[in-house]
Amino acid sequence: MNPVESRIYTKLGTGFQPVHLEVINESYMHSVPPGSETHFKVVLASAQFAGKRQVQRHQAIYACLAEELQSGVHALALHTFSPEEWQASSQVPASPQCLGGSKHDPQ
């Protein structure tokens, strides 16, 4: 695990005591230099999300990762679940390929 990915994993694990946690560096799918840690997919199931709307769940994650979001993390694809939701359907959609930046430029 790379440094930013590891820090995100540790902070979310400590902050949410998840029953399931995945932190996936998807930077390679975007117009960034090789080895970047700027785009992440987070799959998080936590009892703290029970009864909360998606926006409240996302706000809690943004607050937990405020430092990372201010220092280089550009995007988070968040997939949040209560334990019951995760148990009922542990499926997460694949992330689309980035079409921004230089990917639109002619080759």
# chains A, B, ... in the order shown; residues from 1 in each chain; ligands from 1

$ residues_around --residues "segment 5-12 of chain A" --least-positions-apart "4" --cutoff "8 Å" --atoms "only C-alpha atoms" --output "PyMOL selection string"
chain A and resi 1+16-18+21-25+37+61+64-65+68

$ select_by_dssp --residues "chain A" --states "alpha helix (DSSP H)" --output "short mmCIF file (atom, residue, chain, number, x, y, z; two decimals) with all heavy atoms, in the first residue's frame"
data_model
loop_
_atom_site.label_atom_id
_atom_site.label_comp_id
_atom_site.auth_asym_id
_atom_site.auth_seq_id
_atom_site.Cartn_x
_atom_site.Cartn_y
_atom_site.Cartn_z
N PRO A 3 1.72 5.41 0.57
CA PRO A 3 1.53 6.22 1.79
C PRO A 3 0.15 6.86 1.93
O PRO A 3 -0.45 6.78 3.01
CB PRO A 3 2.61 7.30 1.68
CG PRO A 3 3.63 6.76 0.76
CD PRO A 3 2.91 5.81 -0.16
N VAL A 4 -0.37 7.50 0.90
CA VAL A 4 -1.68 8.17 1.03
C VAL A 4 -2.78 7.13 1.17
O VAL A 4 -3.67 7.26 2.03
CB VAL A 4 -1.94 9.12 -0.17
CG1 VAL A 4 -3.33 9.72 -0.09
CG2 VAL A 4 -0.88 10.21 -0.24
N GLU A 5 -2.72 6.09 0.37
CA GLU A 5 -3.70 5.00 0.45
C GLU A 5 -3.71 4.40 1.85
O GLU A 5 -4.77 4.17 2.44
CB GLU A 5 -3.36 3.95 -0.59
CG GLU A 5 -4.30 2.79 -0.67
CD GLU A 5 -3.91 1.80 -1.75
OE1 GLU A 5 -2.89 2.00 -2.43
OE2 GLU A 5 -4.64 0.81 -1.89
N SER A 6 -2.55 4.17 2.41
CA SER A 6 -2.42 3.61 3.75
C SER A 6 -3.00 4.56 4.80
O SER A 6 -3.71 4.12 5.73
CB SER A 6 -0.95 3.32 4.05
OG SER A 6 -0.81 2.80 5.34
N ARG A 7 -2.72 5.84 4.66
CA ARG A 7 -3.24 6.83 5.62
C ARG A 7 -4.77 6.88 5.57
O ARG A 7 -5.44 6.94 6.60
CB ARG A 7 -2.62 8.20 5.32
CG ARG A 7 -2.70 9.16 6.46
CD ARG A 7 -1.77 10.36 6.32
NE ARG A 7 -1.93 11.10 5.09
CZ ARG A 7 -0.99 11.23 4.15
NH1 ARG A 7 0.19 10.67 4.31
NH2 ARG A 7 -1.21 11.93 3.06
N ILE A 8 -5.33 6.85 4.37
CA ILE A 8 -6.79 6.86 4.21
C ILE A 8 -7.38 5.61 4.87
O ILE A 8 -8.34 5.70 5.63
CB ILE A 8 -7.18 6.94 2.72
CG1 ILE A 8 -6.84 8.34 2.17
CG2 ILE A 8 -8.66 6.63 2.54
CD1 ILE A 8 -6.99 8.46 0.67
N TYR A 9 -6.79 4.46 4.61
CA TYR A 9 -7.26 3.20 5.16
C TYR A 9 -7.23 3.25 6.70
O TYR A 9 -8.21 2.87 7.37
CB TYR A 9 -6.41 2.04 4.64
CG TYR A 9 -6.96 0.69 4.96
CD1 TYR A 9 -7.85 0.06 4.10
CD2 TYR A 9 -6.61 0.04 6.14
CE1 TYR A 9 -8.37 -1.19 4.40
CE2 TYR A 9 -7.12 -1.21 6.44
CZ TYR A 9 -8.01 -1.82 5.57
OH TYR A 9 -8.52 -3.05 5.88
N THR A 10 -6.14 3.73 7.25
CA THR A 10 -5.99 3.80 8.71
C THR A 10 -7.01 4.77 9.32
O THR A 10 -7.67 4.44 10.31
CB THR A 10 -4.56 4.22 9.08
OG1 THR A 10 -3.65 3.23 8.57
CG2 THR A 10 -4.39 4.36 10.58
N LYS A 11 -7.15 5.95 8.73
CA LYS A 11 -8.08 6.94 9.29
C LYS A 11 -9.52 6.44 9.23
O LYS A 11 -10.27 6.61 10.19
CB LYS A 11 -7.96 8.26 8.52
CG LYS A 11 -6.77 9.08 8.94
CD LYS A 11 -6.82 10.44 8.27
CE LYS A 11 -5.79 11.37 8.85
NZ LYS A 11 -5.93 12.74 8.31
N LEU A 12 -9.92 5.85 8.11
CA LEU A 12 -11.29 5.35 8.00
C LEU A 12 -11.52 4.16 8.92
O LEU A 12 -12.58 4.04 9.52
CB LEU A 12 -11.61 4.98 6.54
CG LEU A 12 -11.64 6.15 5.57
CD1 LEU A 12 -11.88 5.65 4.15
CD2 LEU A 12 -12.68 7.19 5.96
N GLY A 13 -10.53 3.30 9.05
CA GLY A 13 -10.65 2.16 9.95
C GLY A 13 -10.81 2.58 11.40
O GLY A 13 -11.63 2.05 12.14
N THR A 14 -10.02 3.57 11.80
CA THR A 14 -10.09 4.08 13.16
C THR A 14 -11.37 4.88 13.39
O THR A 14 -12.03 4.73 14.42
CB THR A 14 -8.87 4.98 13.45
OG1 THR A 14 -7.68 4.21 13.27
CG2 THR A 14 -8.91 5.55 14.86
N GLY A 15 -11.72 5.70 12.43
CA GLY A 15 -12.86 6.61 12.60
C GLY A 15 -14.23 5.95 12.51
O GLY A 15 -15.19 6.43 13.09
N PHE A 16 -14.32 4.84 11.76
CA PHE A 16 -15.63 4.25 11.51
C PHE A 16 -15.78 2.80 11.98
O PHE A 16 -16.86 2.24 11.88
CB PHE A 16 -15.96 4.34 10.01
CG PHE A 16 -16.15 5.75 9.55
CD1 PHE A 16 -15.09 6.46 9.00
CD2 PHE A 16 -17.36 6.39 9.68
CE1 PHE A 16 -15.24 7.78 8.59
CE2 PHE A 16 -17.54 7.71 9.28
CZ PHE A 16 -16.47 8.40 8.73
N GLN A 54 -27.15 9.11 2.45
CA GLN A 54 -25.86 9.06 1.77
C GLN A 54 -25.07 10.36 1.95
O GLN A 54 -23.87 10.33 2.19
CB GLN A 54 -26.04 8.77 0.27
CG GLN A 54 -26.45 7.34 -0.03
CD GLN A 54 -25.37 6.33 0.34
OE1 GLN A 54 -24.18 6.60 0.32
NE2 GLN A 54 -25.80 5.13 0.70
N VAL A 55 -25.74 11.49 1.84
CA VAL A 55 -25.02 12.76 1.97
C VAL A 55 -24.39 12.90 3.35
O VAL A 55 -23.27 13.40 3.48
CB VAL A 55 -25.91 13.97 1.60
CG1 VAL A 55 -27.01 14.21 2.63
CG2 VAL A 55 -25.08 15.22 1.40
N GLN A 56 -25.06 12.45 4.38
CA GLN A 56 -24.51 12.51 5.74
C GLN A 56 -23.31 11.57 5.88
O GLN A 56 -22.31 11.92 6.53
CB GLN A 56 -25.58 12.13 6.77
CG GLN A 56 -26.70 13.13 6.86
CD GLN A 56 -27.85 12.62 7.70
OE1 GLN A 56 -28.34 11.52 7.49
NE2 GLN A 56 -28.27 13.44 8.66
N ARG A 57 -23.39 10.42 5.26
CA ARG A 57 -22.28 9.46 5.29
C ARG A 57 -21.06 10.06 4.58
O ARG A 57 -19.95 9.98 5.09
CB ARG A 57 -22.69 8.16 4.60
CG ARG A 57 -23.83 7.45 5.29
CD ARG A 57 -24.33 6.29 4.46
NE ARG A 57 -25.48 5.65 5.08
CZ ARG A 57 -26.00 4.51 4.67
NH1 ARG A 57 -25.48 3.86 3.65
NH2 ARG A 57 -27.05 4.00 5.29
N HIS A 58 -21.30 10.65 3.42
CA HIS A 58 -20.20 11.25 2.66
C HIS A 58 -19.58 12.42 3.41
O HIS A 58 -18.35 12.56 3.43
CB HIS A 58 -20.70 11.68 1.29
CG HIS A 58 -21.06 10.53 0.40
ND1 HIS A 58 -21.23 10.66 -0.95
CD2 HIS A 58 -21.27 9.22 0.66
CE1 HIS A 58 -21.53 9.48 -1.48
NE2 HIS A 58 -21.58 8.60 -0.51
N GLN A 59 -20.40 13.24 4.02
CA GLN A 59 -19.88 14.36 4.79
C GLN A 59 -18.98 13.88 5.93
O GLN A 59 -17.95 14.49 6.22
CB GLN A 59 -21.03 15.21 5.35
CG GLN A 59 -21.73 16.01 4.28
CD GLN A 59 -23.03 16.64 4.77
OE1 GLN A 59 -23.66 16.17 5.73
NE2 GLN A 59 -23.45 17.72 4.10
N ALA A 60 -19.36 12.78 6.57
CA ALA A 60 -18.55 12.23 7.67
C ALA A 60 -17.19 11.76 7.14
O ALA A 60 -16.15 11.98 7.78
CB ALA A 60 -19.30 11.09 8.35
N ILE A 61 -17.18 11.15 5.98
CA ILE A 61 -15.91 10.70 5.38
C ILE A 61 -15.07 11.90 4.97
O ILE A 61 -13.86 11.93 5.22
CB ILE A 61 -16.17 9.75 4.19
CG1 ILE A 61 -16.76 8.44 4.72
CG2 ILE A 61 -14.89 9.51 3.40
CD1 ILE A 61 -17.22 7.49 3.63
N TYR A 62 -15.68 12.89 4.36
CA TYR A 62 -14.93 14.10 3.98
C TYR A 62 -14.31 14.76 5.20
O TYR A 62 -13.17 15.22 5.15
CB TYR A 62 -15.84 15.12 3.26
CG TYR A 62 -16.39 14.66 1.94
CD1 TYR A 62 -17.64 15.08 1.52
CD2 TYR A 62 -15.67 13.83 1.09
CE1 TYR A 62 -18.17 14.68 0.30
CE2 TYR A 62 -16.19 13.42 -0.13
CZ TYR A 62 -17.43 13.85 -0.51
OH TYR A 62 -17.95 13.45 -1.73
N ALA A 63 -15.04 14.81 6.30
CA ALA A 63 -14.49 15.41 7.52
C ALA A 63 -13.31 14.59 8.04
O ALA A 63 -12.29 15.15 8.45
CB ALA A 63 -15.58 15.50 8.59
N CYS A 64 -13.43 13.28 7.99
CA CYS A 64 -12.35 12.40 8.46
C CYS A 64 -11.10 12.55 7.59
O CYS A 64 -9.99 12.48 8.10
CB CYS A 64 -12.85 10.96 8.42
SG CYS A 64 -11.67 9.73 9.01
N ALA A 66 -10.23 15.26 5.72
CA ALA A 66 -10.05 16.67 5.34
C ALA A 66 -8.60 16.99 4.98
O ALA A 66 -8.34 17.70 3.99
CB ALA A 66 -10.54 17.59 6.46
N GLU A 67 -7.66 16.49 5.74
CA GLU A 67 -6.25 16.77 5.48
C GLU A 67 -5.81 16.22 4.11
O GLU A 67 -5.13 16.90 3.35
CB GLU A 67 -5.39 16.15 6.59
CG GLU A 67 -3.92 16.44 6.44
CD GLU A 67 -3.10 15.81 7.56
OE1 GLU A 67 -3.65 15.54 8.65
OE2 GLU A 67 -1.90 15.58 7.33
N GLU A 68 -6.23 15.01 3.81
CA GLU A 68 -5.87 14.40 2.53
C GLU A 68 -6.50 15.15 1.37
O GLU A 68 -5.87 15.34 0.32
CB GLU A 68 -6.29 12.92 2.50
CG GLU A 68 -5.44 12.02 3.38
CD GLU A 68 -5.66 12.22 4.88
OE1 GLU A 68 -6.72 12.73 5.29
OE2 GLU A 68 -4.76 11.87 5.66
N LEU A 69 -7.74 15.59 1.55
CA LEU A 69 -8.44 16.32 0.49
C LEU A 69 -7.83 17.71 0.26
O LEU A 69 -7.94 18.26 -0.82
CB LEU A 69 -9.93 16.44 0.82
CG LEU A 69 -10.69 15.11 0.71
CD1 LEU A 69 -12.04 15.21 1.39
CD2 LEU A 69 -10.83 14.68 -0.74
N GLN A 70 -7.16 18.24 1.25
CA GLN A 70 -6.50 19.54 1.11
C GLN A 70 -5.07 19.41 0.62
O GLN A 70 -4.44 20.40 0.27
CB GLN A 70 -6.53 20.30 2.44
CG GLN A 70 -7.91 20.73 2.85
CD GLN A 70 -7.92 21.39 4.23
OE1 GLN A 70 -6.94 21.40 4.95
NE2 GLN A 70 -9.07 21.93 4.59
N PRO A 83 -24.10 -2.01 7.98
CA PRO A 83 -23.78 -3.44 7.92
C PRO A 83 -24.89 -4.26 7.27
O PRO A 83 -24.62 -5.18 6.50
CB PRO A 83 -23.57 -3.83 9.38
CG PRO A 83 -23.10 -2.56 10.03
CD PRO A 83 -23.89 -1.47 9.33
N GLU A 84 -26.14 -3.90 7.55
CA GLU A 84 -27.27 -4.63 6.98
C GLU A 84 -27.33 -4.43 5.46
O GLU A 84 -27.60 -5.37 4.72
CB GLU A 84 -28.58 -4.19 7.63
CG GLU A 84 -28.69 -4.54 9.10
CD GLU A 84 -27.89 -3.58 10.02
OE1 GLU A 84 -27.51 -2.47 9.58
OE2 GLU A 84 -27.64 -3.97 11.17
N GLU A 85 -27.11 -3.21 5.01
CA GLU A 85 -27.11 -2.94 3.57
C GLU A 85 -25.98 -3.70 2.88
O GLU A 85 -26.17 -4.26 1.80
CB GLU A 85 -26.95 -1.44 3.30
CG GLU A 85 -28.13 -0.61 3.73
CD GLU A 85 -27.82 0.88 3.79
OE1 GLU A 85 -26.62 1.27 3.82
OE2 GLU A 85 -28.78 1.66 3.81
N TRP A 86 -24.82 -3.73 3.50
CA TRP A 86 -23.67 -4.44 2.93
C TRP A 86 -23.95 -5.94 2.85
O TRP A 86 -23.66 -6.58 1.85
CB TRP A 86 -22.41 -4.16 3.73
CG TRP A 86 -21.22 -4.87 3.19
CD1 TRP A 86 -20.55 -5.90 3.78
CD2 TRP A 86 -20.57 -4.62 1.94
NE1 TRP A 86 -19.51 -6.31 2.96
CE2 TRP A 86 -19.51 -5.53 1.83
CE3 TRP A 86 -20.79 -3.72 0.91
CZ2 TRP A 86 -18.66 -5.57 0.74
CZ3 TRP A 86 -19.94 -3.75 -0.19
CH2 TRP A 86 -18.89 -4.66 -0.27
N GLN A 87 -24.54 -6.48 3.90
CA GLN A 87 -24.84 -7.91 3.92
C GLN A 87 -25.88 -8.26 2.86
O GLN A 87 -25.79 -9.31 2.21
CB GLN A 87 -25.35 -8.33 5.30
CG GLN A 87 -25.50 -9.82 5.47
CD GLN A 87 -25.85 -10.19 6.90
OE1 GLN A 87 -26.44 -9.40 7.63
NE2 GLN A 87 -25.47 -11.38 7.30
N ALA A 88 -26.86 -7.39 2.65
CA ALA A 88 -27.92 -7.65 1.67
C ALA A 88 -27.42 -7.56 0.22
O ALA A 88 -27.87 -8.29 -0.65
CB ALA A 88 -29.08 -6.68 1.87
#

$ atom_distance --atom1 "atom CA of Thr38 of chain A" --atom2 "atom CA of Val92 of chain A"
20.3 Å

$ atom_distance --atom1 "atom CA of Val43 of chain A" --atom2 "atom CA of Gly72 of chain A"
20.0 Å

$ closest_residue --among "A:His79, A:His74, A:Asn2, A:Val19" --to "Ser31 of chain A" --atoms "only C-alpha atoms"
A:His74

$ atom_distance --atom1 "atom CA of Ala45 of chain A" --atom2 "atom CA of His30 of chain A"
26.1 Å

$ decode --residues "segment 8-107 of chain A" --atoms "C-alpha atoms" --output "PDB file, in the first residue's frame"
ATOM      1  CA  ILE A   8      -6.789   6.856   4.212  1.00  0.00           C
ATOM      2  CA  TYR A   9      -7.262   3.197   5.165  1.00  0.00           C
ATOM      3  CA  THR A  10      -5.993   3.802   8.708  1.00  0.00           C
ATOM      4  CA  LYS A  11      -8.078   6.940   9.286  1.00  0.00           C
ATOM      5  CA  LEU A  12     -11.287   5.355   7.998  1.00  0.00           C
ATOM      6  CA  GLY A  13     -10.652   2.157   9.951  1.00  0.00           C
ATOM      7  CA  THR A  14     -10.087   4.082  13.165  1.00  0.00           C
ATOM      8  CA  GLY A  15     -12.859   6.605  12.601  1.00  0.00           C
ATOM      9  CA  PHE A  16     -15.630   4.249  11.507  1.00  0.00           C
ATOM     10  CA  GLN A  17     -14.760   0.773  12.874  1.00  0.00           C
ATOM     11  CA  PRO A  18     -16.033  -0.736   9.633  1.00  0.00           C
ATOM     12  CA  VAL A  19     -17.315  -4.240   9.085  1.00  0.00           C
ATOM     13  CA  HIS A  20     -15.946  -3.856   5.551  1.00  0.00           C
ATOM     14  CA  LEU A  21     -13.389  -1.407   4.155  1.00  0.00           C
ATOM     15  CA  GLU A  22     -11.705  -1.147   0.774  1.00  0.00           C
ATOM     16  CA  VAL A  23      -9.511   1.745  -0.329  1.00  0.00           C
ATOM     17  CA  ILE A  24      -8.580   1.446  -3.995  1.00  0.00           C
ATOM     18  CA  ASN A  25      -6.155   3.796  -5.706  1.00  0.00           C
ATOM     19  CA  GLU A  26      -7.730   4.511  -9.098  1.00  0.00           C
ATOM     20  CA  SER A  27      -5.319   7.261 -10.056  1.00  0.00           C
ATOM     21  CA  TYR A  28      -3.945   5.157 -12.929  1.00  0.00           C
ATOM     22  CA  MET A  29      -7.342   5.568 -14.632  1.00  0.00           C
ATOM     23  CA  HIS A  30      -6.918   9.350 -14.815  1.00  0.00           C
ATOM     24  CA  SER A  31      -4.678  11.912 -16.463  1.00  0.00           C
ATOM     25  CA  VAL A  32      -2.063  12.027 -13.725  1.00  0.00           C
ATOM     26  CA  PRO A  33       1.605  11.021 -13.580  1.00  0.00           C
ATOM     27  CA  PRO A  34       2.386   7.343 -12.903  1.00  0.00           C
ATOM     28  CA  GLY A  35       2.485   6.514  -9.198  1.00  0.00           C
ATOM     29  CA  SER A  36       0.033   9.294  -8.269  1.00  0.00           C
ATOM     30  CA  GLU A  37      -2.292   9.006  -5.298  1.00  0.00           C
ATOM     31  CA  THR A  38      -5.022  11.442  -6.283  1.00  0.00           C
ATOM     32  CA  HIS A  39      -8.156   9.416  -7.068  1.00  0.00           C
ATOM     33  CA  PHE A  40      -9.578   6.774  -4.733  1.00  0.00           C
ATOM     34  CA  LYS A  41     -12.571   4.487  -4.536  1.00  0.00           C
ATOM     35  CA  VAL A  42     -13.733   3.808  -0.971  1.00  0.00           C
ATOM     36  CA  VAL A  43     -16.138   1.023  -0.062  1.00  0.00           C
ATOM     37  CA  LEU A  44     -17.098   1.350   3.591  1.00  0.00           C
ATOM     38  CA  ALA A  45     -19.707  -0.472   5.671  1.00  0.00           C
ATOM     39  CA  SER A  46     -20.103   0.806   9.217  1.00  0.00           C
ATOM     40  CA  ALA A  47     -22.713   0.716  11.965  1.00  0.00           C
ATOM     41  CA  GLN A  48     -22.246   4.502  12.168  1.00  0.00           C
ATOM     42  CA  PHE A  49     -24.069   4.764   8.827  1.00  0.00           C
ATOM     43  CA  ALA A  50     -27.276   3.072  10.031  1.00  0.00           C
ATOM     44  CA  GLY A  51     -30.184   5.475   9.631  1.00  0.00           C
ATOM     45  CA  LYS A  52     -28.048   8.096   7.857  1.00  0.00           C
ATOM     46  CA  ARG A  53     -28.624   9.428   4.339  1.00  0.00           C
ATOM     47  CA  GLN A  54     -25.857   9.063   1.766  1.00  0.00           C
ATOM     48  CA  VAL A  55     -25.016  12.765   1.967  1.00  0.00           C
ATOM     49  CA  GLN A  56     -24.506  12.510   5.742  1.00  0.00           C
ATOM     50  CA  ARG A  57     -22.280   9.463   5.285  1.00  0.00           C
ATOM     51  CA  HIS A  58     -20.203  11.246   2.656  1.00  0.00           C
ATOM     52  CA  GLN A  59     -19.878  14.361   4.795  1.00  0.00           C
ATOM     53  CA  ALA A  60     -18.552  12.232   7.666  1.00  0.00           C
ATOM     54  CA  ILE A  61     -15.915  10.697   5.382  1.00  0.00           C
ATOM     55  CA  TYR A  62     -14.933  14.100   3.975  1.00  0.00           C
ATOM     56  CA  ALA A  63     -14.491  15.408   7.524  1.00  0.00           C
ATOM     57  CA  CYS A  64     -12.355  12.398   8.457  1.00  0.00           C
ATOM     58  CA  LEU A  65     -10.162  12.852   5.363  1.00  0.00           C
ATOM     59  CA  ALA A  66     -10.050  16.673   5.343  1.00  0.00           C
ATOM     60  CA  GLU A  67      -6.246  16.766   5.481  1.00  0.00           C
ATOM     61  CA  GLU A  68      -5.867  14.398   2.532  1.00  0.00           C
ATOM     62  CA  LEU A  69      -8.437  16.321   0.493  1.00  0.00           C
ATOM     63  CA  GLN A  70      -6.498  19.545   1.110  1.00  0.00           C
ATOM     64  CA  SER A  71      -3.136  18.030   0.255  1.00  0.00           C
ATOM     65  CA  GLY A  72      -3.408  16.177  -3.034  1.00  0.00           C
ATOM     66  CA  VAL A  73      -6.373  13.812  -3.038  1.00  0.00           C
ATOM     67  CA  HIS A  74      -8.474  15.093  -5.903  1.00  0.00           C
ATOM     68  CA  ALA A  75     -11.418  12.683  -5.948  1.00  0.00           C
ATOM     69  CA  LEU A  76     -13.159  10.096  -3.808  1.00  0.00           C
ATOM     70  CA  ALA A  77     -15.712   7.671  -5.246  1.00  0.00           C
ATOM     71  CA  LEU A  78     -17.651   6.769  -2.111  1.00  0.00           C
ATOM     72  CA  HIS A  79     -19.783   3.659  -1.701  1.00  0.00           C
ATOM     73  CA  THR A  80     -21.163   3.625   1.842  1.00  0.00           C
ATOM     74  CA  PHE A  81     -23.334   1.061   3.569  1.00  0.00           C
ATOM     75  CA  SER A  82     -24.735   0.138   6.940  1.00  0.00           C
ATOM     76  CA  PRO A  83     -23.777  -3.438   7.919  1.00  0.00           C
ATOM     77  CA  GLU A  84     -27.269  -4.632   6.976  1.00  0.00           C
ATOM     78  CA  GLU A  85     -27.107  -2.938   3.570  1.00  0.00           C
ATOM     79  CA  TRP A  86     -23.667  -4.436   2.925  1.00  0.00           C
ATOM     80  CA  GLN A  87     -24.844  -7.912   3.919  1.00  0.00           C
ATOM     81  CA  ALA A  88     -27.920  -7.655   1.666  1.00  0.00           C
ATOM     82  CA  SER A  89     -26.021  -6.451  -1.402  1.00  0.00           C
ATOM     83  CA  SER A  90     -22.249  -6.286  -1.309  1.00  0.00           C
ATOM     84  CA  GLN A  91     -22.013  -5.197  -4.935  1.00  0.00           C
ATOM     85  CA  VAL A  92     -20.219  -2.030  -5.954  1.00  0.00           C
ATOM     86  CA  PRO A  93     -20.241  -0.693  -9.515  1.00  0.00           C
ATOM     87  CA  ALA A  94     -17.008  -0.550 -11.470  1.00  0.00           C
ATOM     88  CA  SER A  95     -15.551   2.912 -11.880  1.00  0.00           C
ATOM     89  CA  PRO A  96     -15.667   4.381 -15.377  1.00  0.00           C
ATOM     90  CA  GLN A  97     -12.516   5.319 -17.245  1.00  0.00           C
ATOM     91  CA  CYS A  98     -11.646   9.014 -17.027  1.00  0.00           C
ATOM     92  CA  LEU A  99     -12.368  11.043 -20.143  1.00  0.00           C
ATOM     93  CA  GLY A 100     -11.118  14.346 -18.790  1.00  0.00           C
ATOM     94  CA  GLY A 101      -7.926  16.246 -19.318  1.00  0.00           C
ATOM     95  CA  SER A 102      -5.552  15.036 -21.988  1.00  0.00           C
ATOM     96  CA  LYS A 103      -7.567  11.883 -22.697  1.00  0.00           C
ATOM     97  CA  HIS A 104      -9.694  13.995 -25.069  1.00  0.00           C
ATOM     98  CA  ASP A 105      -6.664  15.250 -26.976  1.00  0.00           C
ATOM     99  CA  PRO A 106      -5.955  13.700 -30.399  1.00  0.00           C
ATOM    100  CA  GLN A 107      -3.066  11.265 -30.350  1.00  0.00           C
TER     101      GLN A 107
END
